[in-house]
>>> print(open('target-v9.csv').read())   # CSV, C-alpha atoms
chain,number,residue,atom,x,y,z
A,155,MET,CA,0.0,0.0,0.0
A,156,SER,CA,1.4,3.4,-1.0
A,157,GLU,CA,1.9,6.1,1.6
A,158,ALA,CA,-0.7,8.3,-0.1
A,159,SER,CA,-3.4,5.5,0.4
A,160,LEU,CA,-2.6,5.0,4.1
A,161,PRO,CA,-5.2,6.1,6.6
A,162,LEU,CA,-4.4,9.0,8.9
A,163,ILE,CA,-4.4,6.6,11.9
A,164,ARG,CA,-3.9,2.9,11.9
A,165,LEU,CA,-4.0,0.7,15.0
A,166,ARG,CA,-3.0,-3.0,14.7
A,167,GLY,CA,-3.1,-5.5,17.5
A,168,ILE,CA,-3.1,-2.7,20.2
A,169,THR,CA,-3.0,-4.0,23.8
A,170,LYS,CA,-2.8,-2.2,27.1
A,171,MET,CA,-2.0,-3.8,30.4
A,172,TYR,CA,-2.2,-2.0,33.7
A,173,GLY,CA,-0.5,-3.5,36.8
A,174,GLU,CA,1.3,-6.8,37.2
A,175,GLY,CA,0.6,-10.3,38.4
A,176,ALA,CA,-2.7,-11.1,40.0
A,177,THR,CA,-3.8,-7.4,39.9
A,178,ALA,CA,-3.0,-7.0,36.2
A,179,LEU,CA,-5.8,-5.6,34.0
A,180,LEU,CA,-5.8,-6.0,30.3
A,181,ALA,CA,-7.8,-2.9,29.2
A,182,LEU,CA,-7.2,-3.3,25.4
A,183,LYS,CA,-7.0,-6.8,24.0
A,184,GLY,CA,-5.8,-6.4,20.4
A,185,VAL,CA,-7.5,-3.4,18.8
A,186,ASP,CA,-7.5,-2.9,15.1
A,187,LEU,CA,-8.8,0.4,13.8
A,188,ASP,CA,-8.3,2.7,10.8
A,189,ILE,CA,-9.3,6.3,10.8
A,190,ALA,CA,-9.2,8.3,7.6
A,191,SER,CA,-8.3,12.0,7.4
A,192,GLY,CA,-11.4,14.1,7.7
A,193,ASP,CA,-13.5,11.4,9.4
A,194,PHE,CA,-15.8,12.1,12.4
A,195,VAL,CA,-15.8,9.0,14.7
A,196,ALA,CA,-17.9,8.5,17.8
A,197,ILE,CA,-16.3,6.0,20.2
A,198,MET,CA,-18.9,4.4,22.5
A,199,GLY,CA,-19.1,1.5,25.0
A,200,PRO,CA,-20.0,0.7,28.6
A,201,SER,CA,-17.8,1.6,31.6
A,202,GLY,CA,-14.6,-0.4,31.5
A,203,SER,CA,-15.0,-1.3,27.8
A,204,GLY,CA,-11.6,0.3,26.9
A,205,LYS,CA,-12.9,3.3,25.0
A,206,SER,CA,-11.1,5.9,27.3
A,207,THR,CA,-7.9,3.8,27.1
A,208,ALA,CA,-8.2,3.8,23.3
A,209,MET,CA,-8.7,7.5,23.3
A,210,ASN,CA,-5.6,8.1,25.5
A,211,THR,CA,-3.6,5.9,23.1
A,212,LEU,CA,-4.9,7.7,20.0
A,213,GLY,CA,-4.0,11.1,21.6
A,214,CYS,CA,-0.5,10.0,22.5
A,215,LEU,CA,-1.3,10.5,26.2
A,216,ASP,CA,-0.5,6.8,26.9
A,217,THR,CA,1.5,4.1,25.2
A,218,PRO,CA,0.3,0.6,24.2
A,219,THR,CA,1.8,-2.5,25.8
A,220,SER,CA,2.0,-4.1,22.4
A,221,GLY,CA,0.9,-3.6,18.8
A,222,GLU,CA,1.4,-0.9,16.2
A,223,TYR,CA,0.1,2.7,16.1
A,224,LEU,CA,0.8,4.5,12.9
A,225,PHE,CA,0.1,8.2,12.5
A,226,GLN,CA,0.7,9.4,8.9
A,227,GLY,CA,2.8,6.3,8.5
A,228,VAL,CA,5.0,7.0,11.6
A,229,HIS,CA,5.2,4.3,14.2
A,230,VAL,CA,4.0,6.2,17.3
A,231,GLU,CA,4.6,3.3,19.7
A,232,SER,CA,8.4,3.6,18.9
A,233,LEU,CA,8.6,7.3,19.7
A,234,SER,CA,10.2,8.7,22.9
A,235,ARG,CA,8.2,10.7,25.4
A,236,ASP,CA,9.5,14.0,24.0
A,237,GLN,CA,8.7,12.9,20.5
A,238,ARG,CA,5.2,12.0,21.4
A,239,ALA,CA,4.8,15.4,23.2
A,240,LEU,CA,5.9,17.2,20.0
A,241,LEU,CA,3.4,15.1,18.0
A,242,ARG,CA,0.6,16.1,20.3
A,243,ARG,CA,1.4,19.8,20.1
A,244,ARG,CA,1.8,19.7,16.3
A,245,PHE,CA,-1.2,17.5,15.3
A,246,PHE,CA,-3.7,17.1,18.1
A,247,GLY,CA,-6.2,19.3,19.9
A,248,PHE,CA,-8.1,18.1,23.1
A,249,VAL,CA,-11.5,18.9,24.5
A,250,PHE,CA,-12.6,17.5,27.8
A,251,GLN,CA,-15.9,17.2,29.7
A,252,GLY,CA,-14.7,19.5,32.5
A,253,PHE,CA,-13.6,22.4,30.2
A,254,ASN,CA,-10.2,22.7,32.1
A,255,LEU,CA,-10.0,26.5,31.8
A,256,LEU,CA,-7.8,28.7,34.0
A,257,ALA,CA,-10.2,30.4,36.3
A,258,ARG,CA,-8.4,33.8,36.6
A,259,THR,CA,-7.5,34.0,33.0
A,260,SER,CA,-9.6,35.6,30.2
A,261,ALA,CA,-11.1,33.6,27.4
A,262,GLN,CA,-8.5,34.9,25.0
A,263,GLU,CA,-5.6,34.1,27.3
A,264,ASN,CA,-7.0,30.6,27.8
A,265,VAL,CA,-7.1,30.1,24.1
A,266,GLU,CA,-3.5,31.5,23.7
A,267,LEU,CA,-2.0,28.9,26.0
A,268,PRO,CA,-1.0,26.3,23.4
A,269,LEU,CA,0.6,29.0,21.3
A,270,LEU,CA,2.5,30.3,24.4
A,271,TYR,CA,3.9,26.8,24.9
A,272,ARG,CA,5.1,26.9,21.3
A,273,GLY,CA,6.9,30.1,21.9
A,274,GLU,CA,4.9,32.2,19.4
A,275,ALA,CA,5.2,36.0,19.6
A,276,ALA,CA,2.4,37.9,21.5
A,277,GLY,CA,1.0,39.6,18.4
A,278,ALA,CA,0.6,36.3,16.6
A,279,ARG,CA,-0.9,34.7,19.6
A,280,HIS,CA,-3.5,37.4,20.1
A,281,ALA,CA,-4.5,37.3,16.4
A,282,SER,CA,-4.8,33.5,16.3
A,283,ALA,CA,-6.8,33.4,19.5
A,284,ALA,CA,-9.2,36.1,18.3
A,285,ARG,CA,-9.8,34.1,15.1
A,286,ALA,CA,-10.4,30.9,17.0
A,287,LEU,CA,-12.9,32.5,19.3
A,288,ASP,CA,-14.7,34.0,16.3
A,289,GLN,CA,-14.9,30.6,14.8
A,290,VAL,CA,-16.8,29.2,17.8
A,291,GLY,CA,-19.2,32.1,18.0
A,292,LEU,CA,-17.5,34.1,20.8
A,293,LYS,CA,-16.4,37.2,19.1
A,294,GLY,CA,-16.7,40.1,21.6
A,295,TRP,CA,-16.2,37.7,24.6
A,296,GLU,CA,-12.4,37.7,24.5
A,297,HIS,CA,-11.9,39.4,27.8
A,298,HIS,CA,-14.5,37.6,29.9
A,299,LEU,CA,-13.4,35.2,32.7
A,300,PRO,CA,-14.7,31.6,32.8
A,301,SER,CA,-16.9,32.6,35.8
A,302,GLU,CA,-18.6,35.2,33.6
A,303,LEU,CA,-19.5,32.5,30.9
A,304,SER,CA,-22.2,29.8,30.8
A,305,GLY,CA,-21.2,26.2,30.6
A,306,GLY,CA,-21.8,26.1,26.8
A,307,GLN,CA,-19.7,29.2,26.4
A,308,GLN,CA,-16.9,27.7,28.5
A,309,GLN,CA,-16.9,24.6,26.3
A,310,ARG,CA,-16.7,26.8,23.2
A,311,VAL,CA,-13.6,28.5,24.7
A,312,ALA,CA,-12.1,25.0,25.3
A,313,ILE,CA,-12.8,24.1,21.7
A,314,ALA,CA,-11.2,27.4,20.5
A,315,ARG,CA,-8.2,26.5,22.6
A,316,ALA,CA,-8.1,23.1,20.9
A,317,ILE,CA,-8.3,24.4,17.4
A,318,VAL,CA,-6.1,27.5,17.7
A,319,THR,CA,-3.0,25.5,16.6
A,320,GLN,CA,-4.9,24.2,13.5
A,321,PRO,CA,-4.6,20.6,14.5
A,322,ALA,CA,-5.2,17.7,12.1
A,323,VAL,CA,-7.2,15.8,14.8
A,324,LEU,CA,-9.6,17.0,17.5
A,325,LEU,CA,-10.1,14.5,20.4
A,326,ALA,CA,-13.2,15.2,22.4
A,327,ASP,CA,-13.8,13.2,25.6
A,328,GLU,CA,-17.5,13.5,26.6
A,329,PRO,CA,-17.6,17.1,25.4
A,330,THR,CA,-21.3,17.6,26.2
A,331,GLY,CA,-21.3,15.7,29.5
A,332,ASN,CA,-21.7,18.8,31.7
A,333,LEU,CA,-24.2,20.6,29.4
A,334,ASP,CA,-28.0,20.7,29.0
A,335,THR,CA,-29.7,19.4,25.9
A,336,GLN,CA,-29.7,22.7,24.0
A,337,ARG,CA,-26.1,23.6,24.7
A,338,SER,CA,-25.1,20.0,23.9
A,339,ARG,CA,-26.7,20.3,20.4
A,340,GLU,CA,-24.9,23.7,19.9
A,341,ILE,CA,-21.5,22.1,20.7
A,342,MET,CA,-22.2,19.1,18.5
A,343,GLU,CA,-23.2,21.4,15.6
A,344,LEU,CA,-20.0,23.3,16.2
A,345,LEU,CA,-17.9,20.1,16.0
A,346,TRP,CA,-19.8,19.0,12.9
A,347,ARG,CA,-19.0,22.4,11.3
A,348,LEU,CA,-15.3,22.1,12.2
A,349,ASN,CA,-15.2,18.6,10.6
A,350,ALA,CA,-17.3,19.4,7.5
A,351,ASP,CA,-16.0,22.9,6.7
A,352,GLN,CA,-12.4,22.7,7.8
A,353,GLY,CA,-11.7,19.0,7.4
A,354,ILE,CA,-10.6,18.5,11.0
A,355,THR,CA,-10.7,14.8,11.9
A,356,VAL,CA,-12.9,14.4,15.0
A,357,LEU,CA,-12.6,11.5,17.5
A,358,MET,CA,-15.2,11.8,20.2
A,359,VAL,CA,-15.9,9.5,23.2
A,360,THR,CA,-19.5,9.7,24.3
A,361,HIS,CA,-22.2,7.6,26.0
A,362,GLU,CA,-25.0,9.6,24.5
A,363,PRO,CA,-26.6,8.2,21.3
A,364,ASP,CA,-28.0,11.6,20.4
A,365,MET,CA,-24.5,13.1,20.4
A,366,ALA,CA,-23.0,10.1,18.6
A,367,ALA,CA,-25.6,10.6,15.9
A,368,TYR,CA,-23.6,13.6,14.6
A,369,ALA,CA,-20.6,11.3,13.8
A,370,ARG,CA,-19.9,9.8,10.4
A,371,ARG,CA,-18.9,6.5,12.1
A,372,ILE,CA,-19.8,4.9,15.4
A,373,VAL,CA,-17.2,2.5,16.9
A,374,ARG,CA,-18.4,0.5,19.9
A,375,PHE,CA,-16.0,-1.0,22.4
A,376,VAL,CA,-16.8,-4.0,24.6
A,377,ASP,CA,-14.4,-5.8,26.9
A,378,GLY,CA,-11.3,-4.2,25.4
A,379,LEU,CA,-12.1,-4.9,21.7
A,380,VAL,CA,-14.0,-3.2,18.9
A,381,GLU,CA,-17.4,-4.9,18.8
A,382,SER,CA,-18.8,-2.9,15.9
A,383,ASP,CA,-17.7,-0.2,13.5
A,384,VAL,CA,-20.7,1.2,11.6
A,385,ARG,CA,-20.9,4.0,9.0
A,386,ASN,CA,-23.6,6.5,9.9
A,387,GLU,CA,-25.2,7.3,6.5
A,388,HIS,CA,-27.3,10.2,7.9
A,389,PRO,CA,-25.3,12.2,10.5
A,390,ALA,CA,-27.4,14.6,12.5
A,391,GLY,CA,-25.3,17.5,11.3
A,392,LEU,CA,-26.6,17.1,7.8
A,393,GLU,CA,-30.0,18.2,9.0
A,394,HIS,CA,-28.7,21.8,9.2
A,395,PRO,CA,-25.8,21.9,6.7
A,396,GLY,CA,-25.8,25.6,6.2
A,397,ALA,CA,-27.0,26.7,9.6
A,398,ALA,CA,-25.2,29.6,11.2
A,399,LEU,CA,-23.4,29.0,14.4
A,400,PRO,CA,-25.5,30.5,17.3
A,401,VAL,CA,-24.1,33.8,18.5
A,402,ALA,CA,-23.3,33.7,22.2
A,403,ALA,CA,-26.2,35.1,24.3
A,404,PRO,CA,-25.6,37.5,27.2
A,405,VAL,CA,-24.5,35.7,30.3
A,406,ALA,CA,-27.8,36.3,32.1
A,407,GLU,CA,-29.7,34.6,29.3
A,408,ALA,CA,-27.2,31.8,28.6
A,409,ARG,CA,-27.1,30.4,32.1
>>> encode(input="target-v9.csv", output="structure tokens")
Amino acid sequence: MSEASLPLIRLRGITKMYGEGATALLALKGVDLDIASGDFVAIMGPSGSGKSTAMNTLGCLDTPTSGEYLFQGVHVESLSRDQRALLRRRFFGFVFQGFNLLARTSAQENVELPLLYRGEAAGARHASAARALDQVGLKGWEHHLPSELSGGQQQRVAIARAIVTQPAVLLADEPTGNLDTQRSREIMELLWRLNADQGITVLMVTHEPDMAAYARRIVRFVDGLVESDVRNEHPAGLEHPGAALPVAAPVAEAR
């Protein structure tokens, strides 16, 4: 197979063992998975199924015990800790259920953090952060603290922080877990737009079928293995393909 035809991500025979001896736990038992560039994959499964371990492996936050993980043809399992950190900073953006924003730092400063770690100049950081906030519908909210934002707005800031580096892959771990139904749909429509309009590959762990319905593929883990991998022919995002991103409401209304 030529390099051009390789998937963006390829897992072959991935295992992950935690602990030793009688207390050892085999969290992944030989996972095979291909993810193409530009795909939107929802990863589902019951507690203890291995979905979070798989996500940590995909995001280079953890290393497999055995097997092959290829990213753009590079064997990630063979990289050093520093090399994996560089790969994360260069190609991956992360969104978590708990937002993980710095409480005493403005929305813009939170979004600038990945660029600060890269050593980018202040002017470039400011401009990139402003563009990312505009992309998620928060233009005009740059100087608000997290405490002045609703949960949905905080998650938009977290997404802006994840995309400010223009990553190839966005990994979202239960991104709507702390949000009500309306805010959850807004966040999912935003993720859909980032995938459809910008070609960002989205990998999302969720336990909510309504949220997984936005994905192009639904991969279900059971007992450390991929039980099913189904193409979603009618993603929920297609229902509103040209819909404008909701503009952030005033805090009093948004809470």
>>> closest_residue(input="target-v9.csv", among="A:Leu299, A:Leu162, A:Leu182, A:Val228", to="Leu241 in chain A", atoms="all atoms listed in the file")
A:Val228
>>> closest_atom_pairs(input="target-v9.csv", of="range 238-271 of chain A", to="range 313-331 of chain A", cutoff="6 Å", atoms="all atoms listed in the file", output="JSON lines")
{"residue": "A:Phe245", "atom": "CA", "partner": "A:Pro321", "partner_atom": "CA", "distance": 4.7}
{"residue": "A:Phe246", "atom": "CA", "partner": "A:Val323", "partner_atom": "CA", "distance": 5.0}
{"residue": "A:Gly247", "atom": "CA", "partner": "A:Ala316", "partner_atom": "CA", "distance": 4.4}
{"residue": "A:Phe248", "atom": "CA", "partner": "A:Leu325", "partner_atom": "CA", "distance": 4.9}
{"residue": "A:Val249", "atom": "CA", "partner": "A:Ala326", "partner_atom": "CA", "distance": 4.6}
{"residue": "A:Phe250", "atom": "CA", "partner": "A:Asp327", "partner_atom": "CA", "distance": 5.0}
{"residue": "A:Gln251", "atom": "CA", "partner": "A:Pro329", "partner_atom": "CA", "distance": 4.6}
{"residue": "A:Val265", "atom": "CA", "partner": "A:Arg315", "partner_atom": "CA", "distance": 4.1}
>>> atom_distance(input="target-v9.csv", atom1="CA of Gln237 in chain A", atom2="CA of Ala208 in chain A")
19.4 Å
>>> atom_distance(input="target-v9.csv", atom1="CA of Pro268 in chain A", atom2="CA of Gly204 in chain A")
28.3 Å
>>> atom_distance(input="target-v9.csv", atom1="CA of Arg258 in chain A", atom2="CA of Lys293 in chain A")
19.5 Å
>>> closest_residue(input="target-v9.csv", among="A:Met198, A:Glu174, A:His297, A:Gln289", to="Gln352 in chain A", atoms="only C-alpha atoms")
A:Gln289
>>> closest_residue(input="target-v9.csv", among="A:Met171, A:Val311, A:Ala278, A:Leu345", to="Leu292 in chain A", atoms="all atoms listed in the file")
A:Val311
>>> closest_residue(input="target-v9.csv", among="A:Leu333, A:Met358, A:Leu212, A:Leu348", to="Ile372 in chain A", atoms="all atoms listed in the file")
A:Met358
>>> closest_residue(input="target-v9.csv", among="A:Met365, A:Leu256, A:Leu392, A:Ala283", to="Leu269 in chain A", atoms="all atoms listed in the file")
A:Ala283
>>> residues_around(input="target-v9.csv", residues="range 385-391 of chain A", least_positions_apart="6", cutoff="12 Å", atoms="all atoms listed in the file", output="count of residues only")
31
>>> residues_around(input="target-v9.csv", residues="Ile163 in chain A", least_positions_apart="2", cutoff="6 Å", atoms="only C-alpha atoms", output="list in words")
Pro161, Asp188, Ile189, Leu224 and Phe225 of chain A
>>> residues_around(input="target-v9.csv", residues="Leu179 in chain A", least_positions_apart="6", cutoff="12 Å", atoms="all atoms listed in the file", output="short mmCIF file (atom, residue, chain, number, x, y, z; two decimals) with C-alpha atoms, in the frame of the given file")
data_model
loop_
_atom_site.label_atom_id
_atom_site.label_comp_id
_atom_site.auth_asym_id
_atom_site.auth_seq_id
_atom_site.Cartn_x
_atom_site.Cartn_y
_atom_site.Cartn_z
CA THR A 169 -3.00 -4.00 23.80
CA LYS A 170 -2.80 -2.20 27.10
CA MET A 171 -2.00 -3.80 30.40
CA TYR A 172 -2.20 -2.00 33.70
CA GLY A 173 -0.50 -3.50 36.80
CA GLY A 202 -14.60 -0.40 31.50
CA SER A 203 -15.00 -1.30 27.80
CA GLY A 204 -11.60 0.30 26.90
CA THR A 207 -7.90 3.80 27.10
CA THR A 219 1.80 -2.50 25.80
CA ASP A 377 -14.40 -5.80 26.90
CA GLY A 378 -11.30 -4.20 25.40
#
>>> residues_around(input="target-v9.csv", residues="Ser234 in chain A", least_positions_apart="5", cutoff="12 Å", atoms="only C-alpha atoms", output="PyMOL selection string")
chain A and resi 214+216-217+229+239-241
>>> closest_residue(input="target-v9.csv", among="A:Ala281, A:Arg164, A:Asn254, A:Arg243", to="Ser191 in chain A", atoms="only C-alpha atoms")
A:Arg164
>>> residues_near_point(input="target-v9.csv", point="(-14.4, 34.6, 28.4)", cutoff="9 Å", atoms="only C-alpha atoms", output="list in words")
Thr259, Ser260, Ala261, Gln262, Glu263, Asn264, Leu292, Trp295, Glu296, His297, His298, Leu299, Pro300, Ser301, Glu302, Leu303, Gln307, Gln308 and Val311 of chain A
>>> build_atoms(input="target-v9.csv", residues="range 364-375 of chain A", atoms="all heavy atoms", output="tab-separated table (two decimals), in the coordinates of the input")
chain	number	residue	atom	x	y	z
A	364	ASP	N	-27.64	10.38	21.15
A	364	ASP	CA	-28.00	11.60	20.40
A	364	ASP	C	-26.83	12.38	19.97
A	364	ASP	O	-26.87	13.04	18.91
A	364	ASP	CB	-28.92	12.48	21.31
A	364	ASP	CG	-30.31	11.91	21.51
A	364	ASP	OD1	-30.63	10.90	20.85
A	364	ASP	OD2	-31.06	12.44	22.33
A	365	MET	N	-25.75	12.36	20.75
A	365	MET	CA	-24.50	13.10	20.40
A	365	MET	C	-23.73	12.25	19.35
A	365	MET	O	-23.19	12.80	18.40
A	365	MET	CB	-23.68	13.35	21.62
A	365	MET	CG	-24.39	14.14	22.71
A	365	MET	SD	-25.01	15.75	22.17
A	365	MET	CE	-26.79	15.45	22.11
A	366	ALA	N	-23.71	10.93	19.53
A	366	ALA	CA	-23.00	10.10	18.60
A	366	ALA	C	-23.64	10.14	17.20
A	366	ALA	O	-22.97	9.90	16.18
A	366	ALA	CB	-23.02	8.63	19.07
A	367	ALA	N	-24.92	10.53	17.14
A	367	ALA	CA	-25.60	10.60	15.90
A	367	ALA	C	-25.04	11.66	14.93
A	367	ALA	O	-25.30	11.63	13.73
A	367	ALA	CB	-27.11	10.90	16.11
A	368	TYR	N	-24.24	12.59	15.46
A	368	TYR	CA	-23.60	13.60	14.60
A	368	TYR	C	-22.37	13.03	13.89
A	368	TYR	O	-21.89	13.65	12.94
A	368	TYR	CB	-23.16	14.79	15.46
A	368	TYR	CG	-24.29	15.72	15.83
A	368	TYR	CD1	-25.11	15.43	16.92
A	368	TYR	CD2	-24.55	16.88	15.11
A	368	TYR	CE1	-26.17	16.28	17.27
A	368	TYR	CE2	-25.59	17.73	15.45
A	368	TYR	CZ	-26.39	17.43	16.53
A	368	TYR	OH	-27.43	18.25	16.86
A	369	ALA	N	-21.86	11.90	14.33
A	369	ALA	CA	-20.60	11.30	13.80
A	369	ALA	C	-20.90	10.63	12.45
A	369	ALA	O	-22.02	10.19	12.16
A	369	ALA	CB	-19.99	10.39	14.76
A	370	ARG	N	-19.86	10.50	11.65
A	370	ARG	CA	-19.90	9.80	10.40
A	370	ARG	C	-19.75	8.26	10.60
A	370	ARG	O	-20.15	7.45	9.76
A	370	ARG	CB	-18.91	10.29	9.39
A	370	ARG	CG	-19.04	11.78	9.09
A	370	ARG	CD	-17.92	12.25	8.17
A	370	ARG	NE	-17.91	13.70	8.04
A	370	ARG	CZ	-18.62	14.38	7.14
A	370	ARG	NH1	-19.40	13.72	6.30
A	370	ARG	NH2	-18.56	15.70	7.08
A	371	ARG	N	-19.07	7.92	11.70
A	371	ARG	CA	-18.90	6.50	12.10
A	371	ARG	C	-19.10	6.37	13.56
A	371	ARG	O	-18.77	7.27	14.34
A	371	ARG	CB	-17.44	6.05	11.77
A	371	ARG	CG	-17.15	5.72	10.35
A	371	ARG	CD	-15.65	5.53	10.17
A	371	ARG	NE	-15.11	4.38	10.88
A	371	ARG	CZ	-13.80	4.18	11.07
A	371	ARG	NH1	-12.93	5.07	10.62
A	371	ARG	NH2	-13.38	3.11	11.71
A	372	ILE	N	-19.63	5.21	13.95
A	372	ILE	CA	-19.80	4.90	15.40
A	372	ILE	C	-19.08	3.60	15.66
A	372	ILE	O	-19.43	2.54	15.13
A	372	ILE	CB	-21.30	4.81	15.74
A	372	ILE	CG1	-22.01	6.14	15.43
A	372	ILE	CG2	-21.46	4.44	17.22
A	372	ILE	CD1	-23.50	6.11	15.65
A	373	VAL	N	-18.05	3.69	16.48
A	373	VAL	CA	-17.20	2.50	16.90
A	373	VAL	C	-17.58	2.19	18.31
A	373	VAL	O	-17.47	3.03	19.20
A	373	VAL	CB	-15.73	2.83	16.73
A	373	VAL	CG1	-14.90	1.66	17.24
A	373	VAL	CG2	-15.38	3.15	15.28
A	374	ARG	N	-17.99	0.95	18.54
A	374	ARG	CA	-18.40	0.50	19.90
A	374	ARG	C	-17.39	-0.46	20.45
A	374	ARG	O	-17.07	-1.47	19.81
A	374	ARG	CB	-19.79	-0.09	19.84
A	374	ARG	CG	-20.35	-0.44	21.23
A	374	ARG	CD	-21.78	-0.93	21.13
A	374	ARG	NE	-22.66	0.12	20.61
A	374	ARG	CZ	-23.21	1.05	21.38
A	374	ARG	NH1	-22.96	1.07	22.69
A	374	ARG	NH2	-24.01	1.95	20.86
A	375	PHE	N	-16.90	-0.13	21.65
A	375	PHE	CA	-16.00	-1.00	22.40
A	375	PHE	C	-16.73	-1.84	23.39
A	375	PHE	O	-17.63	-1.33	24.08
A	375	PHE	CB	-14.90	-0.18	23.09
A	375	PHE	CG	-13.74	0.23	22.23
A	375	PHE	CD1	-13.88	1.23	21.27
A	375	PHE	CD2	-12.51	-0.38	22.38
A	375	PHE	CE1	-12.82	1.61	20.48
A	375	PHE	CE2	-11.43	-0.01	21.59
A	375	PHE	CZ	-11.58	0.98	20.64
